[in-house]
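Undergrad: Quick one: the structure is below, and I'll ask about it shortly.
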Amino acid sequence: MRDIRIATAQFEHLDGDKIANLTRIRDLTRRAAGEGAEVVCFHECAITGYTFLQSLDRDGLASLAEPVPDGPSIASLWEIARESRVVVMAGLVEIDSEGRLFNSYAVVSPDGFLTCHRKLHVFISPYLSPGPGYTVFDHDGVRFGILTCYDNNLPENARATTLLGAEVIIAPHVTGCLPSTMPGRGSVDRALWENRHRDPSRLRLEFQGPKARGWLLRWLPARAWENGVYYVFSNPIGVDGDTIKPGLSMILDPHGEILAECHALGDDLAVALLTSEAFEHASGRRYLNARRPELYEPITRPHPPGHQAITKPGWSLSYESRSS
């Protein structure tokens, strides 16, 4: 892998307002390019908004969706990428030629569309289809993988993406500050967000504790460390549907150490230089060489007959109460 400077962003998206969200993506991309970044990564469904998708019926979700790569949002991302001469990555709702809907993450370079990852483990809407497989691609001397939000909760996905050659795993999320059975987890009062300029300390305590950063640091560094890869985590900040998100977008090295992190209580960027030297002494690289695949048959064994894989968050979805 060659040296590459990458940016990860956080911003407060507006539900369903693609024009406003693409404007913020353009502004932050310009800023990232000004700081020397060659790639800038935005969060899951950054173009459309995310949590409010659970309130939409199928027609409402389909009206928000676009074809990839031939839709207007990809055209806008291409224009942004050309203008700033960087690779831009951002999420949206995709509709394919058969009418299937996906939570997708698009990658666009100044020369055009590169690839799209369809989220493997979807749950925010019953009308979304899961993606068919892993996304790993080469661009300008670096091999990238993409795993969207819940995809990263299963260690097998990060390991498989690494074994497919990924050196940098892009991890767009919409997460944090949600109800949970875990000690200390929970939502953040919207009043704290609205009052952040007058009383930032109270909100920072919420974001830095077990509701947000404390929870992220339980598992996110482990994904980088156990596989010996760079991890680029992006997350929105502020109002998302009926929740408050903490941002905290960050870049981690193959040791699981944080290279750069967003701390602002608003739109922000974290930029870091990724180098090949970091792989040389990374523990995860040794662990990859120590693998004994002949022992791993239980991992690939199918579920018992009649069992279906179920992706569920640790919080209640509005459409579940409507259907019960």
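Identifiers for the structure tokens are assigned positionally: chains receive A, B, ... in sequence, residues are indexed from 1 per chain, and ligands are indexed from 1 in the order shown.
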If you run DSSP over the backbone, which residues in stretch 122-284 of chain A end up strand (DSSP E)? Put them as a VMD selection string.
TA: chain A and resid 135 to 139 142 to 146 168 to 172 230 to 234 237 to 240 243 to 246 250 to 252 258 to 261 268 to 274
Undergrad: Compile the contact shell of stretch 237-247 of chain A as a JSON list (two decimals) with N, CA, C and O atoms, in the first residue's frame: residues with an atom at most 7 Å away, counting only C-alpha atoms, same-chain residues fewer than 3 positions apart removed.
TA:
[["chain", "number", "residue", "atom", "x", "y", "z"],
["A", 10, "GLN", "N", -18.11, 14.15, 9.64],
["A", 10, "GLN", "CA", -19.37, 14.05, 10.37],
["A", 10, "GLN", "C", -20.17, 15.31, 10.08],
["A", 10, "GLN", "O", -19.61, 16.41, 9.98],
["A", 11, "PHE", "N", -21.48, 15.15, 9.89],
["A", 11, "PHE", "CA", -22.34, 16.32, 9.77],
["A", 11, "PHE", "C", -23.77, 15.93, 10.14],
["A", 11, "PHE", "O", -24.10, 14.75, 10.21],
["A", 12, "GLU", "N", -24.58, 16.94, 10.40],
["A", 12, "GLU", "CA", -25.97, 16.72, 10.76],
["A", 12, "GLU", "C", -26.80, 16.70, 9.49],
["A", 12, "GLU", "O", -27.07, 17.74, 8.89],
["A", 15, "ASP", "N", -33.35, 14.86, 7.20],
["A", 15, "ASP", "CA", -34.11, 13.71, 6.73],
["A", 15, "ASP", "C", -34.79, 14.00, 5.39],
["A", 15, "ASP", "O", -35.61, 14.93, 5.28],
["A", 50, "TYR", "N", -31.29, 8.66, 7.64],
["A", 50, "TYR", "CA", -31.33, 7.24, 7.94],
["A", 50, "TYR", "C", -32.48, 6.80, 8.85],
["A", 50, "TYR", "O", -33.39, 6.12, 8.42],
["A", 51, "THR", "N", -32.47, 7.19, 10.13],
["A", 51, "THR", "CA", -33.40, 6.59, 11.08],
["A", 51, "THR", "C", -34.85, 6.81, 10.69],
["A", 51, "THR", "O", -35.71, 5.96, 10.94],
["A", 52, "PHE", "N", -35.17, 7.93, 10.04],
["A", 52, "PHE", "CA", -36.55, 8.19, 9.64],
["A", 52, "PHE", "C", -37.04, 7.22, 8.59],
["A", 52, "PHE", "O", -38.26, 7.11, 8.36],
["A", 175, "THR", "N", -24.89, 5.51, 14.28],
["A", 175, "THR", "CA", -24.91, 4.72, 15.51],
["A", 175, "THR", "C", -24.63, 5.58, 16.73],
["A", 175, "THR", "O", -24.22, 6.73, 16.63],
["A", 176, "GLY", "N", -24.83, 4.98, 17.89],
["A", 176, "GLY", "CA", -24.55, 5.62, 19.17],
["A", 176, "GLY", "C", -25.77, 6.29, 19.77],
["A", 176, "GLY", "O", -26.71, 6.68, 19.08],
["A", 177, "CYS", "N", -25.78, 6.40, 21.11],
["A", 177, "CYS", "CA", -26.82, 7.09, 21.85],
["A", 177, "CYS", "C", -28.20, 6.49, 21.57],
["A", 177, "CYS", "O", -29.16, 7.19, 21.26],
["A", 188, "VAL", "N", -29.88, 10.27, 24.18],
["A", 188, "VAL", "CA", -29.49, 11.60, 24.66],
["A", 188, "VAL", "C", -30.67, 12.54, 24.49],
["A", 188, "VAL", "O", -31.32, 12.56, 23.44],
["A", 190, "ARG", "N", -32.78, 15.51, 23.53],
["A", 190, "ARG", "CA", -32.61, 16.47, 22.44],
["A", 190, "ARG", "C", -32.33, 17.88, 22.97],
["A", 190, "ARG", "O", -31.64, 18.67, 22.31],
["A", 193, "TRP", "N", -28.72, 18.72, 22.97],
["A", 193, "TRP", "CA", -28.21, 19.08, 21.65],
["A", 193, "TRP", "C", -28.60, 20.51, 21.29],
["A", 193, "TRP", "O", -27.77, 21.29, 20.83],
["A", 207, "PHE", "N", -21.66, 12.25, 25.11],
["A", 207, "PHE", "CA", -21.00, 11.70, 23.92],
["A", 207, "PHE", "C", -19.72, 10.94, 24.26],
["A", 207, "PHE", "O", -19.36, 9.98, 23.57],
["A", 212, "ALA", "N", -21.85, 6.49, 23.86],
["A", 212, "ALA", "CA", -21.29, 6.77, 22.53],
["A", 212, "ALA", "C", -19.83, 6.32, 22.42],
["A", 212, "ALA", "O", -19.55, 5.18, 22.10],
["A", 266, "GLY", "N", -20.53, 19.46, 16.10],
["A", 266, "GLY", "CA", -21.08, 19.93, 14.84],
["A", 266, "GLY", "C", -20.30, 19.33, 13.69],
["A", 266, "GLY", "O", -19.53, 18.39, 13.87]]
Undergrad: May I have the residues within 9 Å of A:Ser55 as JSON, numbers by chain, using only C-alpha atoms and disregarding those fewer than 3 positions away in the same chain?
TA: {"A": [51, 52, 60, 125, 317, 318, 319]}
Undergrad: Please write the residues from the selection above to a file, keeping N, CA, C and O atoms, as an mmCIF file, in the first residue's frame.
TA:
data_model
loop_
_atom_site.group_PDB
_atom_site.id
_atom_site.type_symbol
_atom_site.label_atom_id
_atom_site.label_comp_id
_atom_site.auth_asym_id
_atom_site.auth_seq_id
_atom_site.Cartn_x
_atom_site.Cartn_y
_atom_site.Cartn_z
ATOM 1 N N THR A 51 -32.466 7.185 10.126
ATOM 2 C CA THR A 51 -33.395 6.591 11.075
ATOM 3 C C THR A 51 -34.853 6.811 10.692
ATOM 4 O O THR A 51 -35.711 5.960 10.943
ATOM 5 N N PHE A 52 -35.166 7.929 10.044
ATOM 6 C CA PHE A 52 -36.545 8.190 9.644
ATOM 7 C C PHE A 52 -37.043 7.217 8.586
ATOM 8 O O PHE A 52 -38.256 7.106 8.362
ATOM 9 N N GLY A 60 -43.043 5.168 -0.132
ATOM 10 C CA GLY A 60 -42.261 6.304 0.347
ATOM 11 C C GLY A 60 -40.774 6.053 0.240
ATOM 12 O O GLY A 60 -40.007 6.944 -0.148
ATOM 13 N N SER A 125 -35.619 -0.876 7.644
ATOM 14 C CA SER A 125 -36.890 -0.971 6.928
ATOM 15 C C SER A 125 -37.084 -2.396 6.437
ATOM 16 O O SER A 125 -36.139 -3.013 5.931
ATOM 17 N N LEU A 317 -37.996 -0.793 16.718
ATOM 18 C CA LEU A 317 -38.250 -0.145 15.438
ATOM 19 C C LEU A 317 -39.734 0.197 15.335
ATOM 20 O O LEU A 317 -40.592 -0.609 15.701
ATOM 21 N N SER A 318 -40.042 1.372 14.791
ATOM 22 C CA SER A 318 -41.428 1.817 14.755
ATOM 23 C C SER A 318 -42.311 0.917 13.909
ATOM 24 O O SER A 318 -43.471 0.710 14.210
ATOM 25 N N TYR A 319 -41.776 0.354 12.822
ATOM 26 C CA TYR A 319 -42.625 -0.471 11.966
ATOM 27 C C TYR A 319 -42.988 -1.788 12.634
ATOM 28 O O TYR A 319 -43.988 -2.410 12.273
#
Undergrad: Extract, using only C-alpha atoms, all DNA, RNA and protein residues at most 12 Å from A:Asn152, discarding same-chain residues fewer than 3 positions from it, and format them as a ChimeraX atom specification.
TA: /A:119-121,134,145-149,155-161,169-173,175,216,219-224,231-233
Undergrad: As a ChimeraX atom specification, please: every residue in stretch 37-81 of chain A that DSSP puts in alpha helix (DSSP H).
TA: /A:58-64,72-81
Undergrad: Could you state the separation of atom CA of A:Leu178 and atom CA of A:Asn235 in Å, given to one decimal place?
TA: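 Taking atom CA of A:Leu178 as the start and atom CA of A:Asn235 as the end point, the length is 13.7 Å.
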Undergrad: Between A:Glu94, A:Glu257, A:Glu294, A:Asp111, single out the one closest to A:Leu64, counting only C-alpha atoms.
TA: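 The shortest atom-to-atom distance to A:Leu64 comes from A:Glu94.
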Undergrad: Which residue out of A:Leu114, A:Ile6, A:Ile124, A:Leu217 has the minimum interatomic distance to A:Glu320 when only C-alpha atoms are used?
TA: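 Result for the nearest residue to A:Glu320: A:Ile124.
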Undergrad: Kindly assemble as a Markdown table a list of the stretch 78-152 of chain A residues that lie within 10 Å of stretch 29-37 of chain A, each paired with its nearest atom pair and their distance in Å to one decimal, using only C-alpha atoms, sorted first by chain and then by ascending residue number.
TA:
| residue | atom | partner | partner_atom | distance |
| --- | --- | --- | --- | --- |
| A:Ile80 | CA | A:Thr29 | CA | 7.5 |
| A:Ala81 | CA | A:Thr29 | CA | 8.0 |
| A:Glu83 | CA | A:Arg30 | CA | 8.3 |
| A:Ser84 | CA | A:Arg30 | CA | 5.8 |
| A:Arg85 | CA | A:Ala33 | CA | 7.6 |
| A:Val86 | CA | A:Ala33 | CA | 6.8 |
| A:Val87 | CA | A:Ala37 | CA | 9.0 |
| A:Val88 | CA | A:Thr29 | CA | 7.6 |
Undergrad: Quick one: of A:Trp225, A:Trp315, A:Phe144, A:Trp215, who's nearest to A:Ala282, counting only C-alpha atoms?
TA: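 Using only C-alpha atoms, the shortest distance to A:Ala282 belongs to A:Trp225.
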Undergrad: If we count only C-alpha atoms, what is near A:Met89 at a cut-off of 8 Å, once residues fewer than 4 positions away on the same chain are taken out, given as a list in words?
TA: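 Near A:Met89, the qualifying residues are Val39, Val40, Cys41, Phe42, Tyr105, Ala106, Val107 and Val108 of chain A.
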Undergrad: As a list in words, please: the residues near A:Pro130 (cut-off 12 Å, only C-alpha atoms, same-chain neighbours under 6 positions excluded).
TA: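 Returned residues: Glu94, Arg100, Leu101, Phe102, Asn103, Ser104, His117, Arg118, Lys119, Leu120, His121, Val122, Phe123, Ile124, Thr148, Tyr150, Asp151, Ala309, Ile310 and Thr311 of chain A.
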Undergrad: Quote the spacing between atom CA of A:Val168 and atom CA of A:Asp253 in Å to one decimal place.
TA: 9.1 Å
Undergrad: Find the residues near A:Thr162: any atom within 8 Å, counting only C-alpha atoms, skip ones fewer than 5 places away on the same chain, and give them as a PyMOL selection string.
TA: chain A and resi 145+167+227+229
Undergrad: Between atom CA of A:Leu248 and atom CA of A:Arg202, what is the distance in Å, rounded to a tenth?
TA: 16.0 Å
Undergrad: Go through A:Leu288, A:Val93, A:Leu53, A:Ala260 one by one, measure the shortest atom-to-atom distance of each to A:Leu163 using only C-alpha atoms, and give the residue with the smallest value.
TA: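 Closest to A:Leu163, using only C-alpha atoms: A:Leu288.
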